[in-house]
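Here is the file start-v2.csv (CSV, C-alpha atoms (C1' of nucleotides)).
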chain,number,residue,atom,x,y,z
A,110,MET,CA,4.7,2.6,-7.2
A,111,CYS,CA,1.4,1.0,-6.9
A,112,GLY,CA,-1.6,3.0,-5.6
A,113,ARG,CA,-4.5,1.5,-7.6
A,114,PHE,CA,-5.3,-1.9,-9.1
A,115,THR,CA,-8.0,-4.3,-10.3
A,116,LEU,CA,-9.4,-7.6,-9.2
A,117,PHE,CA,-12.3,-8.8,-11.3
A,118,HIS,CA,-11.6,-12.6,-11.3
A,119,SER,CA,-14.0,-14.4,-9.1
A,120,ILE,CA,-13.0,-15.8,-5.7
A,121,ASP,CA,-13.5,-19.3,-7.1
A,122,ASN,CA,-11.2,-18.5,-10.0
A,123,ILE,CA,-8.6,-17.1,-7.6
A,124,ALA,CA,-8.7,-20.0,-5.2
A,125,GLN,CA,-8.1,-22.4,-8.1
A,126,ALA,CA,-5.2,-20.4,-9.6
A,127,PHE,CA,-3.5,-20.1,-6.2
A,128,ASN,CA,-4.4,-23.6,-5.0
A,129,VAL,CA,-6.2,-22.5,-1.7
A,130,GLU,CA,-9.5,-23.2,-0.2
A,131,VAL,CA,-12.4,-20.7,-0.5
A,132,PRO,CA,-13.5,-19.5,2.9
A,133,LYS,CA,-17.3,-20.0,3.2
A,134,SER,CA,-18.0,-16.4,4.3
A,135,MET,CA,-15.8,-14.6,1.7
A,136,GLN,CA,-17.7,-12.4,-0.8
A,137,GLN,CA,-16.0,-10.2,-3.3
A,138,ALA,CA,-17.5,-8.1,-6.1
A,139,PRO,CA,-15.5,-7.6,-9.2
A,140,ARG,CA,-13.3,-4.6,-8.7
A,141,TYR,CA,-11.9,-2.2,-11.4
A,142,ASN,CA,-10.6,0.6,-9.1
A,143,VAL,CA,-9.2,-0.7,-5.8
A,144,ALA,CA,-7.8,2.1,-3.7
A,145,PRO,CA,-5.8,2.4,-0.4
A,146,THR,CA,-7.8,2.0,2.9
A,147,GLN,CA,-10.1,-0.6,1.2
A,148,ASP,CA,-10.3,-4.3,2.1
A,149,ILE,CA,-8.4,-6.4,-0.4
A,150,VAL,CA,-7.9,-10.1,-1.2
A,151,THR,CA,-4.7,-11.6,0.3
A,152,ILE,CA,-3.2,-15.0,1.0
A,153,LEU,CA,-1.2,-15.5,4.1
A,154,ASN,CA,0.1,-18.4,6.2
A,155,ASP,CA,-1.0,-17.8,9.7
A,156,GLY,CA,-0.6,-21.4,10.8
A,157,THR,CA,0.1,-24.4,8.7
A,158,THR,CA,-1.7,-23.6,5.4
A,159,PRO,CA,-2.0,-20.5,3.2
A,160,GLN,CA,-5.5,-19.0,3.5
A,161,LEU,CA,-7.5,-16.4,1.6
A,162,GLU,CA,-8.1,-13.4,3.8
A,163,LEU,CA,-9.5,-9.8,3.4
A,164,LEU,CA,-7.1,-7.2,4.8
A,165,ARG,CA,-7.2,-3.4,4.8
A,166,TRP,CA,-4.7,-1.9,2.4
A,167,GLY,CA,-2.4,0.6,4.2
A,168,LEU,CA,-0.2,-0.8,6.9
A,169,ILE,CA,-0.9,0.1,10.5
A,170,PRO,CA,2.0,-1.3,12.6
A,171,SER,CA,1.1,-3.2,15.8
A,172,TRP,CA,2.7,-0.4,17.9
A,173,ALA,CA,0.8,2.5,16.2
A,174,LYS,CA,-1.1,4.8,18.6
A,175,ASP,CA,-3.8,5.5,16.0
A,176,GLU,CA,-4.7,4.5,12.5
A,177,SER,CA,-3.3,7.6,10.8
A,178,MET,CA,-0.4,5.6,9.5
A,179,GLY,CA,-2.7,3.4,7.4
A,180,SER,CA,-3.1,5.9,4.6
A,181,LYS,CA,0.6,6.6,4.3
A,182,MET,CA,2.2,3.1,4.4
A,183,ILE,CA,0.6,1.7,1.3
A,184,ASN,CA,3.9,0.7,-0.3
A,185,ALA,CA,7.3,-0.5,1.0
A,186,ARG,CA,10.5,-0.4,-1.0
A,187,ALA,CA,12.0,-3.8,-1.6
A,188,GLU,CA,15.5,-2.5,-1.5
A,189,THR,CA,15.3,-1.3,2.1
A,190,LEU,CA,12.8,-3.7,3.8
A,191,ALA,CA,15.5,-5.3,5.9
A,192,GLU,CA,16.6,-2.0,7.3
A,193,LYS,CA,13.4,-0.1,8.1
A,194,PRO,CA,12.1,-0.4,11.6
A,195,SER,CA,8.5,-0.6,10.3
A,196,PHE,CA,9.2,-3.5,8.0
A,197,LYS,CA,12.1,-5.6,9.2
A,198,ARG,CA,10.1,-7.6,11.7
A,199,LEU,CA,7.4,-8.1,9.2
A,200,LEU,CA,9.8,-9.4,6.6
A,201,HIS,CA,10.7,-12.2,8.9
A,202,SER,CA,7.3,-13.3,10.0
A,203,ARG,CA,4.4,-11.5,8.2
A,204,ARG,CA,4.7,-11.9,4.5
A,205,CYS,CA,1.6,-12.2,2.3
A,206,LEU,CA,0.4,-12.3,-1.3
A,207,ILE,CA,-1.9,-9.6,-2.5
A,208,VAL,CA,-4.1,-10.9,-5.4
A,209,ALA,CA,-4.7,-8.7,-8.4
A,210,ASP,CA,-5.2,-9.0,-12.2
A,211,GLY,CA,-3.9,-5.6,-13.2
A,212,PHE,CA,-2.6,-2.3,-11.8
A,213,TYR,CA,-2.6,1.4,-12.8
A,214,GLU,CA,0.4,3.7,-13.0
A,215,TRP,CA,0.1,7.4,-13.9
A,216,MET,CA,2.5,8.6,-16.6
A,217,GLN,CA,3.6,12.2,-16.5
A,218,GLU,CA,3.2,13.9,-19.9
A,219,PRO,CA,6.4,15.7,-20.9
A,220,GLY,CA,6.1,19.5,-20.7
A,221,SER,CA,2.6,19.3,-19.1
A,222,LYS,CA,1.0,18.9,-15.8
A,223,LEU,CA,-1.2,16.2,-17.2
A,224,LYS,CA,-0.8,12.6,-16.2
A,225,THR,CA,-2.2,9.7,-18.2
A,226,PRO,CA,-3.4,6.6,-16.3
A,227,MET,CA,-2.0,3.4,-17.8
A,228,TYR,CA,-3.3,-0.1,-17.1
A,229,ILE,CA,-0.8,-2.9,-16.8
A,230,THR,CA,-1.5,-6.6,-16.9
A,231,LEU,CA,0.0,-9.9,-17.8
A,232,LYS,CA,-0.4,-10.8,-21.5
A,233,ASP,CA,-2.5,-13.8,-20.6
A,234,HIS,CA,-4.6,-11.7,-18.3
A,235,ALA,CA,-4.2,-14.2,-15.5
A,236,PRO,CA,-4.5,-13.1,-11.8
A,237,PHE,CA,-1.1,-12.7,-10.1
A,238,ALA,CA,0.4,-11.9,-6.7
A,239,PHE,CA,2.0,-8.8,-5.4
A,240,ALA,CA,4.5,-9.4,-2.7
A,241,GLY,CA,3.2,-7.9,0.6
A,242,LEU,CA,3.7,-7.5,4.3
A,243,TRP,CA,0.9,-7.5,6.9
A,244,ASP,CA,0.4,-6.7,10.5
A,245,SER,CA,-2.3,-6.7,13.2
A,246,TRP,CA,-3.2,-3.6,15.1
A,247,LYS,CA,-5.6,-3.3,18.1
A,248,ASN,CA,-8.0,-0.4,17.8
A,249,PRO,CA,-9.3,1.5,20.8
A,250,ALA,CA,-12.4,-0.7,20.9
A,251,GLY,CA,-10.1,-3.7,21.3
A,252,GLU,CA,-10.6,-5.2,17.9
A,253,GLN,CA,-7.7,-6.6,15.9
A,254,ILE,CA,-7.4,-4.8,12.6
A,255,ARG,CA,-5.3,-6.6,10.0
A,256,THR,CA,-3.6,-4.4,7.4
A,257,CYS,CA,-1.1,-4.8,4.6
A,258,THR,CA,1.3,-3.0,2.3
A,259,ILE,CA,2.4,-3.7,-1.3
A,260,ILE,CA,6.2,-4.0,-2.0
A,261,THR,CA,7.6,-1.9,-4.8
A,262,THR,CA,10.7,-2.5,-6.9
A,263,SER,CA,12.6,-1.2,-10.0
A,264,PRO,CA,10.5,-1.2,-13.1
A,265,ASN,CA,10.9,-3.6,-16.1
A,266,ASP,CA,11.0,-2.5,-19.7
A,267,VAL,CA,7.2,-2.3,-20.0
A,268,VAL,CA,6.8,-0.1,-16.9
A,269,SER,CA,10.0,2.0,-17.0
A,270,PRO,CA,8.7,4.4,-19.8
A,271,ILE,CA,5.6,5.0,-17.5
A,272,HIS,CA,7.0,5.2,-14.0
A,273,ASN,CA,10.2,4.8,-12.0
A,274,ARG,CA,8.7,2.2,-9.6
A,275,MET,CA,6.4,-0.8,-10.0
A,276,PRO,CA,4.9,-3.3,-7.6
A,277,ALA,CA,6.8,-6.5,-6.9
A,278,ILE,CA,5.0,-9.3,-8.7
A,279,LEU,CA,6.1,-12.8,-7.6
A,280,LEU,CA,6.8,-15.5,-10.2
A,281,PRO,CA,4.3,-18.3,-9.6
A,282,GLU,CA,7.1,-20.6,-8.4
A,283,ALA,CA,8.1,-17.9,-5.8
A,284,ARG,CA,4.7,-17.6,-4.1
A,285,ALA,CA,5.1,-20.6,-1.8
A,286,GLU,CA,8.7,-19.5,-0.9
A,287,TRP,CA,7.5,-16.0,0.0
A,288,LEU,CA,4.7,-17.5,2.2
A,289,ASP,CA,6.8,-20.2,3.9
A,290,PRO,CA,7.1,-19.2,7.6
A,291,LYS,CA,10.3,-21.1,8.0
A,292,GLN,CA,12.0,-19.0,5.3
A,293,LYS,CA,14.0,-16.3,7.2
A,294,ASP,CA,16.8,-15.6,4.7
A,295,GLU,CA,16.6,-11.9,4.0
A,296,ARG,CA,18.8,-12.0,0.9
A,297,PHE,CA,16.9,-15.0,-0.5
A,298,LEU,CA,13.5,-13.3,0.1
A,299,GLN,CA,14.7,-10.0,-1.4
A,300,GLU,CA,15.8,-11.9,-4.5
A,301,LEU,CA,12.2,-12.8,-5.1
A,302,LEU,CA,11.2,-9.1,-5.4
A,303,LYS,CA,12.8,-8.4,-8.7
A,304,ALA,CA,10.8,-6.9,-11.6
A,305,TYR,CA,8.5,-9.4,-13.3
A,306,PRO,CA,9.6,-10.4,-16.9
A,307,ALA,CA,8.7,-7.6,-19.3
A,308,GLN,CA,7.9,-10.0,-22.2
A,309,GLU,CA,5.0,-11.4,-20.2
A,310,MET,CA,3.4,-8.0,-19.5
A,311,GLU,CA,1.6,-5.3,-21.5
A,312,ALA,CA,0.4,-1.7,-20.8
A,313,ARG,CA,-2.2,0.6,-22.4
A,314,PRO,CA,-3.7,4.0,-21.6
A,315,VAL,CA,-7.1,4.1,-20.0
A,316,SER,CA,-9.8,6.7,-19.2
A,317,ARG,CA,-9.1,9.5,-16.6
A,318,ARG,CA,-12.3,8.4,-14.9
A,319,VAL,CA,-10.1,6.0,-13.0
A,320,ASN,CA,-8.7,9.0,-11.1
A,321,ASP,CA,-11.8,9.2,-9.0
A,322,THR,CA,-11.8,6.3,-6.5
A,323,ARG,CA,-15.6,6.4,-6.5
A,324,TYR,CA,-15.7,5.3,-10.1
A,325,ASP,CA,-15.4,1.5,-10.2
A,326,ASN,CA,-16.8,0.1,-13.4
A,327,ALA,CA,-15.8,-2.5,-16.0
A,328,ASP,CA,-15.7,0.1,-18.7
A,329,LEU,CA,-12.5,1.5,-17.2
A,330,ILE,CA,-10.6,-1.4,-18.8
A,331,ALA,CA,-13.0,-2.3,-21.6
B,248,DC,C1',20.1,6.4,29.2
B,249,DC,C1',15.3,8.5,27.4
B,250,DA,C1',12.6,10.6,23.6
B,251,DG,C1',10.7,10.3,19.4
B,252,DA,C1',10.2,8.5,15.0
B,253,DC,C1',8.9,4.7,12.4
B,254,DG,C1',6.8,5.6,4.9
B,255,DT,C1',6.7,6.3,-0.3
B,256,DT,C1',6.4,9.0,-4.2
B,257,DG,C1',7.9,12.9,-6.9
B,258,DT,C1',9.8,17.3,-7.3
B,259,DT,C1',13.2,20.8,-6.3
C,93,DG,C1',1.3,23.7,0.1
C,94,DT,C1',0.0,19.6,2.8
C,95,DC,C1',-2.9,16.3,4.9
C,96,DT,C1',-6.8,13.0,4.9
C,97,DG,C1',-10.0,9.8,2.9
C,98,DG,C1',-11.1,6.4,-0.4
D,33,DC,C1',-2.5,6.6,-6.6
D,34,DC,C1',-6.0,11.0,-7.0
D,35,DA,C1',-9.6,14.1,-5.0
D,36,DG,C1',-10.9,17.1,-1.8
D,37,DA,C1',-10.4,19.6,2.3
D,38,DC,C1',-8.0,22.8,4.8
D,39,DG,C1',-11.7,26.3,10.8
D,40,DT,C1',-14.4,27.4,15.0
D,41,DT,C1',-18.5,28.0,17.7
D,42,DG,C1',-22.8,26.8,18.8
D,43,DT,C1',-27.2,24.8,17.7
D,44,DT,C1',-30.1,21.0,15.8
E,259,DG,C1',8.8,-3.5,18.6
E,260,DT,C1',13.2,-1.3,17.1
E,261,DC,C1',16.1,2.3,15.6
E,262,DT,C1',18.1,7.0,15.7
E,263,DG,C1',19.4,11.3,17.8
E,264,DG,C1',20.7,13.8,21.7
Let me see the structure of the file written as structure tokens.
Amino acid sequence: MCGRFTLFHSIDNIAQAFNVEVPKSMQQAPRYNVAPTQDIVTILNDGTTPQLELLRWGLIPSWAKDESMGSKMINARAETLAEKPSFKRLLHSRRCLIVADGFYEWMQEPGSKLKTPMYITLKDHAPFAFAGLWDSWKNPAGEQIRTCTIITTSPNDVVSPIHNRMPAILLPEARAEWLDPKQKDERFLQELLKAYPAQEMEARPVSRRVNDTRYDNADLIA
DNA sequence: CCAGACGTTGTT
DNA sequence: GTCTGG
DNA sequence: CCAGACGTTGTT
DNA sequence: GTCTGG
């Protein structure tokens, strides 16, 4: 699955890599330990052009009575998106990219309760896009809260020794297709959610300090 | 029809 | 054991 | 994902 | 909002 990731590239870097404008007001410190419920950098097409937006990680559907769902729906299974009441509607109209440059998976040590955190990136260390879904929820104060979830899929050969799920990373050429509001073909969209090519990825163990969400420092991945 | 759930992961 | 918060 | 709380009453 | 269970 995907419950923790990094985003240390600058907003300017990201904007250039994804060919989008930098919103004037957007500030983002380098992050080495992004956790659910926090605001994350996304790209979505809410009108005519893809835009950088900060969304809260943990989907709160528009019909939710309270925000308790937000800490549960941090992932969505690619295989069942088109069937699940919570996601089907979003697959048609609320797709987004979630920008990252690495993610963590915890590997269960055989014959032990210990888990080793592994850090997984592209070999060229470029920023990439998780496939995501988003929604907007009106809180009791009447404010629209935008939230999102990261789609998971079967692991490739780099991740399968570590874990039985991995986040769906879109190939660069698939990003525009995923964001295209006119694209409604479920099968076509789900085809974009296959595991990223293993030969372009690498994984290595990192410090257990990453376990604590309050610890967010560059030495985690040094 | 209405009422109530709506999710993933991992582990057993 | 299970839920909540980050 | 992991860490940390998990309860009530009353008082400040 | 939409699906499932009764």
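Closest approach to chain D among A:Ala304, A:Val319, A:Leu116, A:Ala327 is made by A:Val319 (distances from all atoms listed in the file).
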* To do: Could you list the residues in chain D lying within 10 Å of chain A, using all atoms listed in the file, and format the result as a VMD selection string?
  => chain D and resid 33 to 35
Could you give me, as a tab-separated table, a per-residue list for chain A showing, wherever an atom lies at most 9 Å from an atom of chain E, the closest pair of atoms and their distance in Å to one decimal, using only C-alpha atoms (C1' of nucleotides) and sorting by chain then residue number from low to high?
residue	atom	partner	partner_atom	distance
A:Ser171	CA	E:DG259	C1'	8.2
A:Trp172	CA	E:DG259	C1'	6.9
A:Lys193	CA	E:DC261	C1'	8.3
A:Pro194	CA	E:DT260	C1'	5.7
A:Ser195	CA	E:DT260	C1'	8.3
A:Arg198	CA	E:DG259	C1'	8.1
* Between atom CA of Phe239 of chain A and atom CA of Thr256 of chain A, measure the distance and give it in Å to one decimal. =>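 Atom-to-atom, atom CA of Phe239 of chain A and atom CA of Thr256 of chain A are spaced 14.6 Å apart.
Across the model, the gap from atom CA of Gln253 of chain A to atom CA of Thr158 of chain A is 20.9 Å.
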Missing atoms in segment 286-304 of chain A: can you complete it with N, CA and C atoms, as a tab-separated table (two decimals), keeping the file's coordinate frame?
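Written file, selection34.tsv:
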chain	number	residue	atom	x	y	z
A	286	GLU	N	7.45	-19.90	-1.61
A	286	GLU	CA	8.70	-19.50	-0.90
A	286	GLU	C	8.44	-18.25	-0.07
A	287	TRP	N	7.74	-17.31	-0.69
A	287	TRP	CA	7.50	-16.00	0.00
A	287	TRP	C	6.57	-16.29	1.22
A	288	LEU	N	5.65	-17.26	1.11
A	288	LEU	CA	4.70	-17.50	2.20
A	288	LEU	C	5.24	-18.46	3.26
A	289	ASP	N	6.33	-19.16	2.96
A	289	ASP	CA	6.80	-20.20	3.90
A	289	ASP	C	7.35	-19.52	5.19
A	290	PRO	N	6.68	-19.80	6.32
A	290	PRO	CA	7.10	-19.20	7.60
A	290	PRO	C	8.46	-19.56	8.05
A	291	LYS	N	8.94	-20.68	7.54
A	291	LYS	CA	10.30	-21.10	8.00
A	291	LYS	C	11.38	-20.39	7.22
A	292	GLN	N	11.03	-19.75	6.13
A	292	GLN	CA	12.00	-19.00	5.30
A	292	GLN	C	12.37	-17.70	6.02
A	293	LYS	N	13.63	-17.55	6.45
A	293	LYS	CA	14.00	-16.30	7.20
A	293	LYS	C	15.21	-15.63	6.52
A	294	ASP	N	15.65	-16.14	5.37
A	294	ASP	CA	16.80	-15.60	4.70
A	294	ASP	C	16.50	-14.32	3.97
A	295	GLU	N	16.91	-13.17	4.55
A	295	GLU	CA	16.60	-11.90	4.00
A	295	GLU	C	17.00	-11.75	2.52
A	296	ARG	N	18.22	-12.17	2.26
A	296	ARG	CA	18.80	-12.00	0.90
A	296	ARG	C	17.96	-12.87	-0.09
A	297	PHE	N	17.66	-14.10	0.32
A	297	PHE	CA	16.90	-15.00	-0.50
A	297	PHE	C	15.50	-14.36	-0.81
A	298	LEU	N	14.88	-13.86	0.24
A	298	LEU	CA	13.50	-13.30	0.10
A	298	LEU	C	13.58	-12.05	-0.81
A	299	GLN	N	14.60	-11.21	-0.63
A	299	GLN	CA	14.70	-10.00	-1.40
A	299	GLN	C	14.97	-10.31	-2.91
A	300	GLU	N	15.60	-11.45	-3.16
A	300	GLU	CA	15.80	-11.90	-4.50
A	300	GLU	C	14.52	-12.17	-5.28
A	301	LEU	N	13.48	-12.52	-4.49
A	301	LEU	CA	12.20	-12.80	-5.10
A	301	LEU	C	11.45	-11.57	-5.57
A	302	LEU	N	11.97	-10.40	-5.16
A	302	LEU	CA	11.20	-9.10	-5.40
A	302	LEU	C	11.75	-8.37	-6.58
A	303	LYS	N	12.37	-9.07	-7.52
A	303	LYS	CA	12.80	-8.40	-8.70
A	303	LYS	C	11.67	-8.19	-9.68
A	304	ALA	N	11.86	-7.27	-10.62
A	304	ALA	CA	10.80	-6.90	-11.60
A	304	ALA	C	10.36	-8.19	-12.34
